[in-house]
Amino acid sequence: MSSCFLDLPHAPLQPLRLPWLESANIEVAILRLDLIDPLISGNKWFKLRHHLLQAHEARAPGLISLGGNHSNHLHALAAAGKRFGFATAGLLRGHAQDTPTVRDLHALGMELHWLGHGGYRARHQPGFWAPWQARYPGWHCIPEGGGGLKGALGCALIVEQARLQLAALGWPDYHAWWLAAGTGTTLAGLVLAEAGRHAVHGALAVPLGHGVPQAVAELAGTRGYQLHEACRSGFARVDDELLAFIDETEHHTGIPLEALYTGKALLALREQAQAGLFAAGTRLIFLHTGGLQGRRGYL
Ligand SMILES: *Cc1c(COP(=O)(O)O)cnc(C)c1O
């Protein structure tokens, strides 16, 4: 059973051709984490890997974590639990709601507890987990969004995936990564794995005040990366320009993006490319972090 989640899924590295990239004279390849698995999608697979291994070694009967009612993290967790034989429980923000994601969580066998908004805000307080550990003895608890060092370490494998496919793409090397950052855990994982070899650019899907710079610094130090504001008017805010940009990108490339992370990250890349952040001839890897299930929430 363990080999199932030890096996590295395949994420294709594909050329990304768009008129604005050509005008800026930069080459971009997109690493398609959205294609690794029909259910355990995107960066969440990598963020969960060490947790699954640890839960397996500890013979934990189940896995428990937190998220919102469109959460890609809870969705991947519920799917992984069902696939690998763990029970799962989800602690949700707010009051009971019926969303496509919530329906999937039920269908995948996850037990759901709605904490209200105040109850959810208490998630960082000491003692938050105690009653849940009492209710689910021996279960493995995963921080919100799969954040933290275990999540970051799982993401180091993303760098390996890209490296193995450079030759097939005809690239001798690349200069930098570009990806969306929510908690910044995935970004921290890439920074740790690169250890200064290639720069990492994070497009912030949340406002600067949400503590991402601090979280990344705690996990990966302060060097080897740059953060760019990309959330537009706030996390999970979607505007017409963004949706039009996503449509246009899909039309040109056939690659689906969602609006909360990958769409905003690519739009921020366009802004920076047009502002001249990258010299002509720069080769970038754009990380498609998946999360397409969440599109059902706003379309
Ligand atoms: C969760 C998520 C992110 C953010 O990842 P972090 O590790 O929290 O920064 C980015 N893109 C998608 C699609 C996600 O679901």
# chains A, B, ... in the order shown; residues from 1 in each chain; ligands from 1

call {"tool": "residues_around", "arguments": {"residues": "Ile30 (chain A)", "least_positions_apart": "5", "cutoff": "9 Å", "atoms": "only C-alpha atoms", "output": "PDB file with N, CA and C atoms, in the first residue's frame"}}
result
ATOM      1  N   PRO A  12       3.542  16.435 -16.766  1.00  0.00           N
ATOM      2  CA  PRO A  12       4.222  16.821 -18.011  1.00  0.00           C
ATOM      3  C   PRO A  12       4.724  18.266 -17.973  1.00  0.00           C
ATOM      4  N   LEU A  13       5.903  18.484 -18.560  1.00  0.00           N
ATOM      5  CA  LEU A  13       6.457  19.833 -18.726  1.00  0.00           C
ATOM      6  C   LEU A  13       6.270  20.210 -20.193  1.00  0.00           C
ATOM      7  N   GLN A  14       5.465  21.241 -20.442  1.00  0.00           N
ATOM      8  CA  GLN A  14       5.085  21.568 -21.823  1.00  0.00           C
ATOM      9  C   GLN A  14       5.444  23.011 -22.163  1.00  0.00           C
ATOM     10  N   PRO A  15       5.772  23.259 -23.440  1.00  0.00           N
ATOM     11  CA  PRO A  15       6.009  24.655 -23.832  1.00  0.00           C
ATOM     12  C   PRO A  15       4.714  25.456 -23.723  1.00  0.00           C
ATOM     13  N   LEU A  16       4.830  26.698 -23.270  1.00  0.00           N
ATOM     14  CA  LEU A  16       3.653  27.569 -23.166  1.00  0.00           C
ATOM     15  C   LEU A  16       3.851  28.706 -24.164  1.00  0.00           C
ATOM     16  N   LEU A 284      11.655  30.414 -18.164  1.00  0.00           N
ATOM     17  CA  LEU A 284      10.934  30.268 -16.897  1.00  0.00           C
ATOM     18  C   LEU A 284      10.126  28.982 -16.887  1.00  0.00           C
ATOM     19  N   ILE A 285       9.985  28.411 -15.706  1.00  0.00           N
ATOM     20  CA  ILE A 285       9.013  27.319 -15.534  1.00  0.00           C
ATOM     21  C   ILE A 285       7.841  27.856 -14.728  1.00  0.00           C
ATOM     22  N   PHE A 286       6.664  27.848 -15.354  1.00  0.00           N
ATOM     23  CA  PHE A 286       5.434  28.252 -14.666  1.00  0.00           C
ATOM     24  C   PHE A 286       4.815  26.987 -14.075  1.00  0.00           C
ATOM     25  N   LEU A 287       4.530  27.033 -12.788  1.00  0.00           N
ATOM     26  CA  LEU A 287       3.973  25.850 -12.133  1.00  0.00           C
ATOM     27  C   LEU A 287       2.446  25.905 -12.157  1.00  0.00           C
ATOM     28  N   HIS A 288       1.849  24.957 -12.869  1.00  0.00           N
ATOM     29  CA  HIS A 288       0.380  24.836 -12.819  1.00  0.00           C
ATOM     30  C   HIS A 288       0.058  24.028 -11.567  1.00  0.00           C
TER      31      HIS A 288
END

call {"tool": "residues_around", "arguments": {"residues": "region 67-70 of chain A", "least_positions_apart": "4", "cutoff": "10 Å", "atoms": "only C-alpha atoms", "output": "MDAnalysis selection string"}}
result
chainID A and resid 74:75 90:103 105 114 120 143:146 291 293:298

call {"tool": "residues_near_ligand", "arguments": {"ligand": "ligand 1", "cutoff": "10 Å", "atoms": "only C-alpha atoms and all ligand atoms", "output": "CSV table (one decimal) with all heavy atoms, in the first residue's frame"}}
result
chain,number,residue,atom,x,y,z
A,33,LEU,N,1.0,20.2,-13.0
A,33,LEU,CA,0.5,19.4,-11.8
A,33,LEU,C,-1.0,19.1,-11.8
A,33,LEU,O,-1.4,18.2,-11.1
A,33,LEU,CB,0.9,20.1,-10.5
A,33,LEU,CG,2.4,20.4,-10.2
A,33,LEU,CD1,2.5,21.0,-8.8
A,33,LEU,CD2,3.3,19.3,-10.5
A,34,ASP,N,-1.7,19.8,-12.7
A,34,ASP,CA,-3.1,19.6,-12.8
A,34,ASP,C,-3.4,18.2,-13.4
A,34,ASP,O,-4.5,17.7,-13.3
A,34,ASP,CB,-3.8,20.7,-13.6
A,34,ASP,CG,-3.2,20.8,-15.0
A,34,ASP,OD1,-2.0,20.9,-15.1
A,34,ASP,OD2,-4.0,20.9,-16.0
A,41,SER,N,-5.2,16.4,-6.8
A,41,SER,CA,-4.7,17.2,-7.8
A,41,SER,C,-3.6,18.2,-7.3
A,41,SER,O,-3.6,18.7,-6.2
A,41,SER,CB,-5.9,18.1,-8.4
A,41,SER,OG,-5.3,19.1,-9.2
A,42,GLY,N,-2.7,18.5,-8.2
A,42,GLY,CA,-1.9,19.7,-8.1
A,42,GLY,C,-0.9,19.6,-7.0
A,42,GLY,O,-0.4,18.5,-6.6
A,43,ASN,N,-0.5,20.8,-6.5
A,43,ASN,CA,0.5,20.9,-5.5
A,43,ASN,C,0.0,20.2,-4.2
A,43,ASN,O,0.8,19.8,-3.4
A,43,ASN,CB,0.9,22.3,-5.2
A,43,ASN,CG,-0.3,23.2,-4.7
A,43,ASN,OD1,-1.5,22.8,-5.0
A,43,ASN,ND2,0.0,24.3,-4.0
A,44,LYS,N,-1.3,20.0,-4.0
A,44,LYS,CA,-1.8,19.3,-2.8
A,44,LYS,C,-1.3,17.9,-2.7
A,44,LYS,O,-1.1,17.4,-1.6
A,44,LYS,CB,-3.3,19.4,-2.8
A,44,LYS,CG,-3.9,20.8,-2.8
A,44,LYS,CD,-3.2,21.7,-1.7
A,44,LYS,CE,-3.9,23.1,-1.6
A,44,LYS,NZ,-3.5,24.0,-2.6
A,46,PHE,N,1.6,16.8,-3.5
A,46,PHE,CA,3.0,16.9,-3.0
A,46,PHE,C,3.0,17.3,-1.5
A,46,PHE,O,3.8,16.8,-0.7
A,46,PHE,CB,3.8,17.9,-3.8
A,46,PHE,CG,4.0,17.4,-5.3
A,46,PHE,CD1,3.1,17.6,-6.3
A,46,PHE,CD2,5.1,16.6,-5.6
A,46,PHE,CE1,3.3,17.1,-7.5
A,46,PHE,CE2,5.3,16.1,-6.8
A,46,PHE,CZ,4.4,16.4,-7.8
A,47,LYS,N,2.1,18.2,-1.2
A,47,LYS,CA,2.0,18.7,0.2
A,47,LYS,C,1.5,17.6,1.1
A,47,LYS,O,1.8,17.7,2.3
A,47,LYS,CB,1.1,20.0,0.3
A,47,LYS,CG,1.7,21.2,-0.5
A,47,LYS,CD,0.7,22.3,-0.6
A,47,LYS,CE,0.7,23.1,0.7
A,47,LYS,NZ,-0.2,24.3,0.6
A,70,HIS,N,-14.7,25.5,-0.6
A,70,HIS,CA,-14.2,25.1,-1.9
A,70,HIS,C,-12.8,24.6,-1.9
A,70,HIS,O,-12.1,24.5,-2.9
A,70,HIS,CB,-14.2,26.4,-2.8
A,70,HIS,CG,-15.5,27.1,-2.9
A,70,HIS,ND1,-16.6,26.5,-3.5
A,70,HIS,CD2,-15.9,28.3,-2.5
A,70,HIS,CE1,-17.6,27.3,-3.5
A,70,HIS,NE2,-17.3,28.4,-2.8
A,71,SER,N,-12.3,24.1,-0.7
A,71,SER,CA,-10.9,23.8,-0.5
A,71,SER,C,-10.4,22.7,-1.4
A,71,SER,O,-10.8,21.6,-1.4
A,71,SER,CB,-10.8,23.4,1.0
A,71,SER,OG,-9.5,22.9,1.2
A,72,ASN,N,-9.3,23.1,-2.1
A,72,ASN,CA,-8.6,22.1,-2.9
A,72,ASN,C,-7.9,21.1,-2.0
A,72,ASN,O,-7.7,19.9,-2.3
A,72,ASN,CB,-7.6,22.8,-3.8
A,72,ASN,CG,-8.3,23.6,-4.9
A,72,ASN,OD1,-9.3,23.2,-5.4
A,72,ASN,ND2,-7.6,24.7,-5.3
A,73,HIS,N,-7.4,21.6,-0.9
A,73,HIS,CA,-6.7,20.8,0.1
A,73,HIS,C,-7.6,19.7,0.7
A,73,HIS,O,-7.2,18.5,0.7
A,73,HIS,CB,-6.1,21.7,1.2
A,73,HIS,CG,-5.6,21.0,2.4
A,73,HIS,ND1,-4.6,20.1,2.4
A,73,HIS,CD2,-6.1,21.0,3.7
A,73,HIS,CE1,-4.4,19.6,3.6
A,73,HIS,NE2,-5.3,20.1,4.4
A,74,LEU,N,-8.8,20.1,1.2
A,74,LEU,CA,-9.6,19.1,1.7
A,74,LEU,C,-10.1,18.1,0.7
A,74,LEU,O,-10.2,16.9,0.9
A,74,LEU,CB,-10.9,19.7,2.4
A,74,LEU,CG,-10.6,20.4,3.7
A,74,LEU,CD1,-11.9,21.0,4.3
A,74,LEU,CD2,-9.9,19.6,4.8
A,75,HIS,N,-10.3,18.6,-0.5
A,75,HIS,CA,-10.7,17.7,-1.6
A,75,HIS,C,-9.6,16.7,-1.9
A,75,HIS,O,-9.9,15.5,-2.0
A,75,HIS,CB,-10.9,18.6,-2.9
A,75,HIS,CG,-11.8,17.9,-3.9
A,75,HIS,ND1,-11.2,17.1,-4.9
A,75,HIS,CD2,-13.1,17.9,-4.1
A,75,HIS,CE1,-12.2,16.7,-5.7
A,75,HIS,NE2,-13.4,17.1,-5.2
A,76,ALA,N,-8.4,17.1,-2.0
A,76,ALA,CA,-7.3,16.1,-2.2
A,76,ALA,C,-7.1,15.2,-1.1
A,76,ALA,O,-6.9,14.0,-1.2
A,76,ALA,CB,-6.0,16.9,-2.5
A,144,GLU,N,-3.8,23.6,8.3
A,144,GLU,CA,-4.7,24.2,7.2
A,144,GLU,C,-3.9,24.2,5.9
A,144,GLU,O,-2.7,24.7,5.9
A,144,GLU,CB,-5.0,25.6,7.6
A,144,GLU,CG,-6.0,26.3,6.7
A,144,GLU,CD,-6.3,27.7,7.2
A,144,GLU,OE1,-5.4,28.3,7.8
A,144,GLU,OE2,-7.4,28.2,7.0
A,145,GLY,N,-4.5,23.8,4.8
A,145,GLY,CA,-3.9,23.9,3.5
A,145,GLY,C,-2.7,23.0,3.3
A,145,GLY,O,-2.0,23.0,2.3
A,146,GLY,N,-2.4,22.1,4.3
A,146,GLY,CA,-1.2,21.3,4.2
A,146,GLY,C,0.1,22.1,4.4
A,146,GLY,O,1.1,21.7,4.0
A,147,GLY,N,-0.1,23.2,5.1
A,147,GLY,CA,1.1,24.1,5.3
A,147,GLY,C,2.1,23.5,6.3
A,147,GLY,O,1.8,22.5,6.9
A,148,GLY,N,3.2,24.2,6.4
A,148,GLY,CA,4.3,23.7,7.3
A,148,GLY,C,5.4,23.0,6.6
A,148,GLY,O,5.4,22.8,5.4
A,151,GLY,N,4.7,19.7,4.5
A,151,GLY,CA,4.2,20.1,3.2
A,151,GLY,C,5.2,20.6,2.3
A,151,GLY,O,5.3,20.2,1.1
A,152,ALA,N,6.1,21.5,2.8
A,152,ALA,CA,7.1,22.1,1.9
A,152,ALA,C,8.1,21.0,1.4
A,152,ALA,O,8.5,21.0,0.2
A,152,ALA,CB,7.9,23.1,2.7
A,155,CYS,N,7.1,19.1,-1.6
A,155,CYS,CA,7.1,19.9,-2.8
A,155,CYS,C,8.5,19.9,-3.5
A,155,CYS,O,8.6,20.3,-4.6
A,155,CYS,CB,6.7,21.4,-2.5
A,155,CYS,SG,4.9,21.4,-2.1
A,179,LEU,N,5.2,30.8,-9.7
A,179,LEU,CA,4.1,30.1,-9.2
A,179,LEU,C,3.2,30.9,-8.3
A,179,LEU,O,3.6,31.9,-7.8
A,179,LEU,CB,4.5,28.8,-8.5
A,179,LEU,CG,5.1,29.1,-7.1
A,179,LEU,CD1,4.9,27.8,-6.2
A,179,LEU,CD2,6.6,29.4,-7.1
A,180,ALA,N,2.0,30.5,-8.1
A,180,ALA,CA,1.0,31.1,-7.2
A,180,ALA,C,1.4,30.7,-5.8
A,180,ALA,O,1.8,29.6,-5.5
A,180,ALA,CB,-0.4,30.7,-7.5
A,181,ALA,N,1.2,31.7,-4.8
A,181,ALA,CA,1.5,31.4,-3.4
A,181,ALA,C,0.2,31.7,-2.6
A,181,ALA,O,-0.3,32.8,-2.7
A,181,ALA,CB,2.6,32.2,-2.9
A,182,GLY,N,-0.3,30.7,-1.9
A,182,GLY,CA,-1.4,30.9,-1.0
A,182,GLY,C,-0.9,31.0,0.5
A,182,GLY,O,-0.9,32.1,1.1
A,183,THR,N,-0.4,29.9,1.0
A,183,THR,CA,0.3,29.9,2.3
A,183,THR,C,1.8,30.1,2.1
A,183,THR,O,2.5,30.5,3.0
A,183,THR,CB,0.1,28.6,3.1
A,183,THR,OG1,0.7,27.5,2.3
A,183,THR,CG2,-1.4,28.3,3.3
A,184,GLY,N,2.2,29.9,0.8
A,184,GLY,CA,3.7,30.0,0.5
A,184,GLY,C,4.4,28.7,0.8
A,184,GLY,O,5.6,28.6,0.6
A,185,THR,N,3.7,27.6,1.2
A,185,THR,CA,4.4,26.4,1.5
A,185,THR,C,5.0,25.7,0.2
A,185,THR,O,6.2,25.3,0.3
A,185,THR,CB,3.4,25.4,2.1
A,185,THR,OG1,2.7,26.0,3.1
A,185,THR,CG2,4.0,24.1,2.5
A,186,THR,N,4.3,25.8,-0.9
A,186,THR,CA,4.8,25.2,-2.1
A,186,THR,C,6.1,26.0,-2.6
A,186,THR,O,7.1,25.4,-2.9
A,186,THR,CB,3.8,25.2,-3.2
A,186,THR,OG1,2.6,24.6,-2.7
A,186,THR,CG2,4.2,24.5,-4.5
A,187,LEU,N,6.0,27.3,-2.5
A,187,LEU,CA,7.1,28.2,-2.8
A,187,LEU,C,8.3,27.8,-2.0
A,187,LEU,O,9.4,27.7,-2.4
A,187,LEU,CB,6.7,29.6,-2.6
A,187,LEU,CG,7.8,30.7,-2.7
A,187,LEU,CD1,7.7,31.3,-4.1
A,187,LEU,CD2,7.7,31.7,-1.7
A,188,ALA,N,8.1,27.7,-0.6
A,188,ALA,CA,9.2,27.4,0.3
A,188,ALA,C,9.8,26.1,-0.1
A,188,ALA,O,11.0,25.9,-0.1
A,188,ALA,CB,8.7,27.4,1.7
A,189,GLY,N,9.0,25.1,-0.5
A,189,GLY,CA,9.5,23.8,-0.9
A,189,GLY,C,10.4,23.9,-2.1
A,189,GLY,O,11.5,23.3,-2.2
A,202,GLY,N,7.2,34.1,-6.5
A,202,GLY,CA,5.8,33.7,-6.0
A,202,GLY,C,4.9,34.8,-6.3
A,202,GLY,O,5.1,36.0,-5.9
A,203,ALA,N,3.7,34.5,-6.9
A,203,ALA,CA,2.7,35.5,-7.1
A,203,ALA,C,1.6,35.3,-6.0
A,203,ALA,O,1.0,34.2,-5.9
A,203,ALA,CB,2.0,35.2,-8.5
A,204,LEU,N,1.5,36.3,-5.2
A,204,LEU,CA,0.7,36.2,-4.0
A,204,LEU,C,-0.8,36.2,-4.3
A,204,LEU,O,-1.3,37.3,-4.7
A,204,LEU,CB,1.0,37.3,-3.0
A,204,LEU,CG,2.3,37.2,-2.2
A,204,LEU,CD1,2.6,38.5,-1.5
A,204,LEU,CD2,2.2,36.1,-1.2
A,205,ALA,N,-1.5,35.1,-4.0
A,205,ALA,CA,-2.9,35.0,-4.2
A,205,ALA,C,-3.7,35.6,-3.0
A,205,ALA,O,-4.9,35.7,-3.1
A,205,ALA,CB,-3.3,33.6,-4.4
A,206,VAL,N,-3.0,36.0,-2.0
A,206,VAL,CA,-3.6,36.6,-0.8
A,206,VAL,C,-3.0,38.0,-0.6
A,206,VAL,O,-1.9,38.2,-1.0
A,206,VAL,CB,-3.5,35.7,0.5
A,206,VAL,CG1,-4.2,34.4,0.3
A,206,VAL,CG2,-2.0,35.5,0.8
A,212,VAL,N,2.3,35.7,4.6
A,212,VAL,CA,3.0,34.8,3.7
A,212,VAL,C,4.5,35.0,3.8
A,212,VAL,O,5.3,34.1,3.9
A,212,VAL,CB,2.5,34.8,2.3
A,212,VAL,CG1,3.3,33.9,1.4
A,212,VAL,CG2,1.0,34.3,2.2
A,215,ALA,N,5.8,33.4,6.8
A,215,ALA,CA,5.7,32.0,6.8
A,215,ALA,C,6.8,31.4,5.9
A,215,ALA,O,7.4,30.4,6.2
A,215,ALA,CB,4.3,31.5,6.3
A,216,VAL,N,7.0,32.0,4.7
A,216,VAL,CA,8.1,31.5,3.8
A,216,VAL,C,9.4,31.7,4.5
A,216,VAL,O,10.3,30.8,4.4
A,216,VAL,CB,8.0,32.3,2.5
A,216,VAL,CG1,9.2,31.8,1.6
A,216,VAL,CG2,6.7,32.0,1.8
A,257,LEU,N,-7.2,26.9,-16.6
A,257,LEU,CA,-6.6,27.6,-15.4
A,257,LEU,C,-7.8,27.8,-14.5
A,257,LEU,O,-8.9,28.0,-14.9
A,257,LEU,CB,-6.0,28.9,-15.7
A,257,LEU,CG,-4.8,28.9,-16.7
A,257,LEU,CD1,-4.4,30.3,-17.1
A,257,LEU,CD2,-3.6,28.2,-16.0
A,258,GLU,N,-7.6,27.9,-13.1
A,258,GLU,CA,-8.6,28.4,-12.3
A,258,GLU,C,-8.3,29.9,-11.9
A,258,GLU,O,-7.1,30.3,-12.0
A,258,GLU,CB,-8.9,27.5,-11.1
A,258,GLU,CG,-7.7,27.0,-10.3
A,258,GLU,CD,-7.1,28.1,-9.5
A,258,GLU,OE1,-7.9,28.7,-8.7
A,258,GLU,OE2,-5.9,28.3,-9.7
A,259,ALA,N,-9.3,30.6,-11.3
A,259,ALA,CA,-9.1,32.0,-11.2
A,259,ALA,C,-8.4,32.4,-9.9
A,259,ALA,O,-7.8,33.5,-9.8
A,259,ALA,CB,-10.5,32.7,-11.3
A,260,LEU,N,-8.5,31.6,-8.8
A,260,LEU,CA,-8.0,32.0,-7.5
A,260,LEU,C,-6.4,32.0,-7.4
A,260,LEU,O,-5.8,32.8,-6.7
A,260,LEU,CB,-8.5,31.1,-6.4
A,260,LEU,CG,-9.9,31.5,-5.9
A,260,LEU,CD1,-10.9,31.9,-7.0
A,260,LEU,CD2,-10.5,30.4,-5.1
A,261,TYR,N,-5.8,31.1,-8.1
A,261,TYR,CA,-4.4,30.9,-8.0
A,261,TYR,C,-3.7,31.0,-9.4
A,261,TYR,O,-2.9,31.9,-9.6
A,261,TYR,CB,-4.0,29.6,-7.4
A,261,TYR,CG,-4.5,29.4,-5.9
A,261,TYR,CD1,-5.6,28.7,-5.6
A,261,TYR,CD2,-3.8,30.0,-4.9
A,261,TYR,CE1,-6.0,28.5,-4.3
A,261,TYR,CE2,-4.2,29.9,-3.6
A,261,TYR,CZ,-5.3,29.1,-3.3
A,261,TYR,OH,-5.8,29.0,-2.0
A,262,THR,N,-3.9,30.0,-10.2
A,262,THR,CA,-3.1,29.9,-11.5
A,262,THR,C,-3.4,31.1,-12.4
A,262,THR,O,-2.5,31.6,-13.1
A,262,THR,CB,-3.3,28.6,-12.2
A,262,THR,OG1,-4.7,28.3,-12.3
A,262,THR,CG2,-2.7,27.4,-11.4
A,263,GLY,N,-4.7,31.4,-12.5
A,263,GLY,CA,-5.0,32.6,-13.4
A,263,GLY,C,-4.4,33.9,-12.9
A,263,GLY,O,-3.8,34.6,-13.7
A,264,LYS,N,-4.5,34.1,-11.6
A,264,LYS,CA,-3.9,35.3,-11.1
A,264,LYS,C,-2.4,35.3,-11.2
A,264,LYS,O,-1.7,36.3,-11.5
A,264,LYS,CB,-4.3,35.5,-9.6
A,264,LYS,CG,-5.7,36.0,-9.4
A,264,LYS,CD,-6.1,36.2,-8.0
A,264,LYS,CE,-7.5,36.7,-7.9
A,264,LYS,NZ,-8.0,36.9,-6.5
A,265,ALA,N,-1.8,34.1,-11.0
A,265,ALA,CA,-0.3,34.0,-11.1
A,265,ALA,C,0.1,34.3,-12.6
A,265,ALA,O,1.1,35.0,-12.8
A,265,ALA,CB,0.2,32.7,-10.7
A,287,LEU,N,4.5,27.0,-12.8
A,287,LEU,CA,4.0,25.9,-12.1
A,287,LEU,C,2.4,25.9,-12.2
A,287,LEU,O,1.8,26.8,-11.6
A,287,LEU,CB,4.5,25.8,-10.7
A,287,LEU,CG,4.1,24.5,-9.9
A,287,LEU,CD1,4.8,23.3,-10.6
A,287,LEU,CD2,4.5,24.6,-8.5
A,288,HIS,N,1.8,25.0,-12.9
A,288,HIS,CA,0.4,24.8,-12.8
A,288,HIS,C,0.1,24.0,-11.6
A,288,HIS,O,0.3,22.8,-11.5
A,288,HIS,CB,-0.2,24.1,-14.1
A,288,HIS,CG,-1.7,24.2,-14.2
A,288,HIS,ND1,-2.5,24.0,-13.2
A,288,HIS,CD2,-2.4,24.6,-15.3
A,288,HIS,CE1,-3.8,24.2,-13.6
A,288,HIS,NE2,-3.7,24.5,-14.8
A,289,THR,N,-0.5,24.7,-10.5
A,289,THR,CA,-0.7,24.0,-9.3
A,289,THR,C,-2.0,23.3,-9.2
A,289,THR,O,-2.4,22.8,-8.1
A,289,THR,CB,-0.5,25.1,-8.1
A,289,THR,OG1,-1.2,26.3,-8.5
A,289,THR,CG2,0.9,25.4,-7.8
A,290,GLY,N,-2.7,23.2,-10.3
A,290,GLY,CA,-3.9,22.4,-10.3
A,290,GLY,C,-5.2,23.1,-9.7
A,290,GLY,O,-5.4,24.3,-10.1
A,291,GLY,N,-5.9,22.4,-8.9
A,291,GLY,CA,-7.1,23.1,-8.3
A,291,GLY,C,-8.3,23.3,-9.1
A,291,GLY,O,-9.1,24.1,-8.8
A,292,LEU,N,-8.4,22.6,-10.3
A,292,LEU,CA,-9.5,22.9,-11.2
A,292,LEU,C,-10.8,22.5,-10.6
A,292,LEU,O,-11.8,23.1,-11.1
A,292,LEU,CB,-9.2,22.2,-12.5
A,292,LEU,CG,-7.9,22.7,-13.2
A,292,LEU,CD1,-7.6,21.8,-14.4
A,292,LEU,CD2,-8.1,24.1,-13.7
A,293,GLN,N,-10.9,21.6,-9.6
A,293,GLN,CA,-12.2,21.3,-9.1
A,293,GLN,C,-12.8,22.5,-8.5
A,293,GLN,O,-14.1,22.6,-8.4
A,293,GLN,CB,-12.0,20.2,-8.0
A,293,GLN,CG,-11.3,20.5,-6.7
A,293,GLN,CD,-12.3,21.1,-5.7
A,293,GLN,OE1,-13.5,21.0,-5.7
A,293,GLN,NE2,-11.7,21.9,-4.8
A,294,GLY,N,-12.0,23.5,-8.0
A,294,GLY,CA,-12.5,24.7,-7.4
A,294,GLY,C,-13.3,25.6,-8.3
A,294,GLY,O,-14.0,26.5,-7.9
A,295,ARG,N,-13.0,25.4,-9.6
A,295,ARG,CA,-13.7,26.3,-10.6
A,295,ARG,C,-15.2,26.2,-10.5
A,295,ARG,O,-15.9,27.1,-10.9
A,295,ARG,CB,-13.3,25.9,-12.0
A,295,ARG,CG,-11.9,26.0,-12.3
A,295,ARG,CD,-11.6,26.4,-13.7
A,295,ARG,NE,-12.0,25.5,-14.8
A,295,ARG,CZ,-11.7,25.7,-16.0
A,295,ARG,NH1,-11.0,26.7,-16.4
A,295,ARG,NH2,-12.1,24.8,-16.9

call {"tool": "atom_distance", "arguments": {"atom1": "CA of Gly276 (chain A)", "atom2": "CA of Ala193 (chain A)"}}
result
27.1 Å

call {"tool": "select_by_dssp", "arguments": {"residues": "region 150-190 of chain A", "states": "strand (DSSP E)", "output": "ChimeraX atom specification"}}
result
/A:176-181

call {"tool": "write_last_selection", "arguments": {"atoms": "N, CA, C and O atoms", "output": "PDB file, in the first residue's frame"}}
result
ATOM      1  N   ALA A 176      14.409  30.473 -13.782  1.00  0.00           N
ATOM      2  CA  ALA A 176      13.593  30.728 -12.596  1.00  0.00           C
ATOM      3  C   ALA A 176      12.244  30.024 -12.683  1.00  0.00           C
ATOM      4  O   ALA A 176      11.808  29.603 -13.756  1.00  0.00           O
ATOM      5  N   TRP A 177      11.609  29.942 -11.527  1.00  0.00           N
ATOM      6  CA  TRP A 177      10.237  29.427 -11.396  1.00  0.00           C
ATOM      7  C   TRP A 177       9.271  30.583 -11.220  1.00  0.00           C
ATOM      8  O   TRP A 177       9.637  31.614 -10.639  1.00  0.00           O
ATOM      9  N   TRP A 178       8.036  30.369 -11.648  1.00  0.00           N
ATOM     10  CA  TRP A 178       6.957  31.327 -11.363  1.00  0.00           C
ATOM     11  C   TRP A 178       5.748  30.512 -10.900  1.00  0.00           C
ATOM     12  O   TRP A 178       5.331  29.566 -11.589  1.00  0.00           O
ATOM     13  N   LEU A 179       5.205  30.839  -9.734  1.00  0.00           N
ATOM     14  CA  LEU A 179       4.058  30.065  -9.230  1.00  0.00           C
ATOM     15  C   LEU A 179       3.191  30.910  -8.312  1.00  0.00           C
ATOM     16  O   LEU A 179       3.633  31.942  -7.795  1.00  0.00           O
ATOM     17  N   ALA A 180       1.958  30.455  -8.126  1.00  0.00           N
ATOM     18  CA  ALA A 180       1.043  31.108  -7.196  1.00  0.00           C
ATOM     19  C   ALA A 180       1.410  30.717  -5.772  1.00  0.00           C
ATOM     20  O   ALA A 180       1.828  29.596  -5.513  1.00  0.00           O
ATOM     21  N   ALA A 181       1.234  31.677  -4.840  1.00  0.00           N
ATOM     22  CA  ALA A 181       1.457  31.378  -3.422  1.00  0.00           C
ATOM     23  C   ALA A 181       0.198  31.703  -2.635  1.00  0.00           C
ATOM     24  O   ALA A 181      -0.349  32.800  -2.746  1.00  0.00           O
TER      25      ALA A 181
END

call {"tool": "closest_residue", "arguments": {"among": "A:Leu66, A:Leu227, A:Leu77, A:Asp7", "to": "Phe128 (chain A)", "atoms": "only C-alpha atoms"}}
result
A:Leu66

call {"tool": "atom_distance", "arguments": {"atom1": "CA of Trp45 (chain A)", "atom2": "CA of Glu271 (chain A)"}}
result
29.3 Å

call {"tool": "atom_distance", "arguments": {"atom1": "CA of Ala29 (chain A)", "atom2": "CA of Leu52 (chain A)"}}
result
29.7 Å

call {"tool": "closest_residue", "arguments": {"among": "A:Leu164, A:Leu269, A:Leu108, A:His198", "to": "His10 (chain A)", "atoms": "only C-alpha atoms"}}
result
A:Leu164

call {"tool": "residues_around", "arguments": {"residues": "Gln226 (chain A)", "least_positions_apart": "2", "cutoff": "7 Å", "atoms": "only C-alpha atoms", "output": "NGL selection string"}}
result
:A and (200-202 or 228)

call {"tool": "residues_around", "arguments": {"residues": "Ala280 (chain A)", "least_positions_apart": "3", "cutoff": "7 Å", "atoms": "only C-alpha atoms", "output": "MDAnalysis selection string"}}
result
chainID A and resid 24:26

call {"tool": "closest_residue", "arguments": {"among": "A:Leu166, A:Leu157, A:Ile246, A:Ala89", "to": "Trp132 (chain A)", "atoms": "only C-alpha atoms"}}
result
A:Ala89

call {"tool": "residues_around", "arguments": {"residues": "region 58-63 of chain A", "least_positions_apart": "5", "cutoff": "12 Å", "atoms": "only C-alpha atoms", "output": "PyMOL selection string"}}
result
chain A and resi 2+48+51-53+74+76-82+84-91+109-111+132-133+135-143+146

call {"tool": "select_by_dssp", "arguments": {"residues": "region 34-269 of chain A", "states": "helix (DSSP H, G or I)", "output": "ChimeraX atom specification"}}
result
/A:34-35,43-57,72-84,100-107,116-124,130-135,144-146,149-163,166-169,185-194,208-210,212-220,240-253,262-269
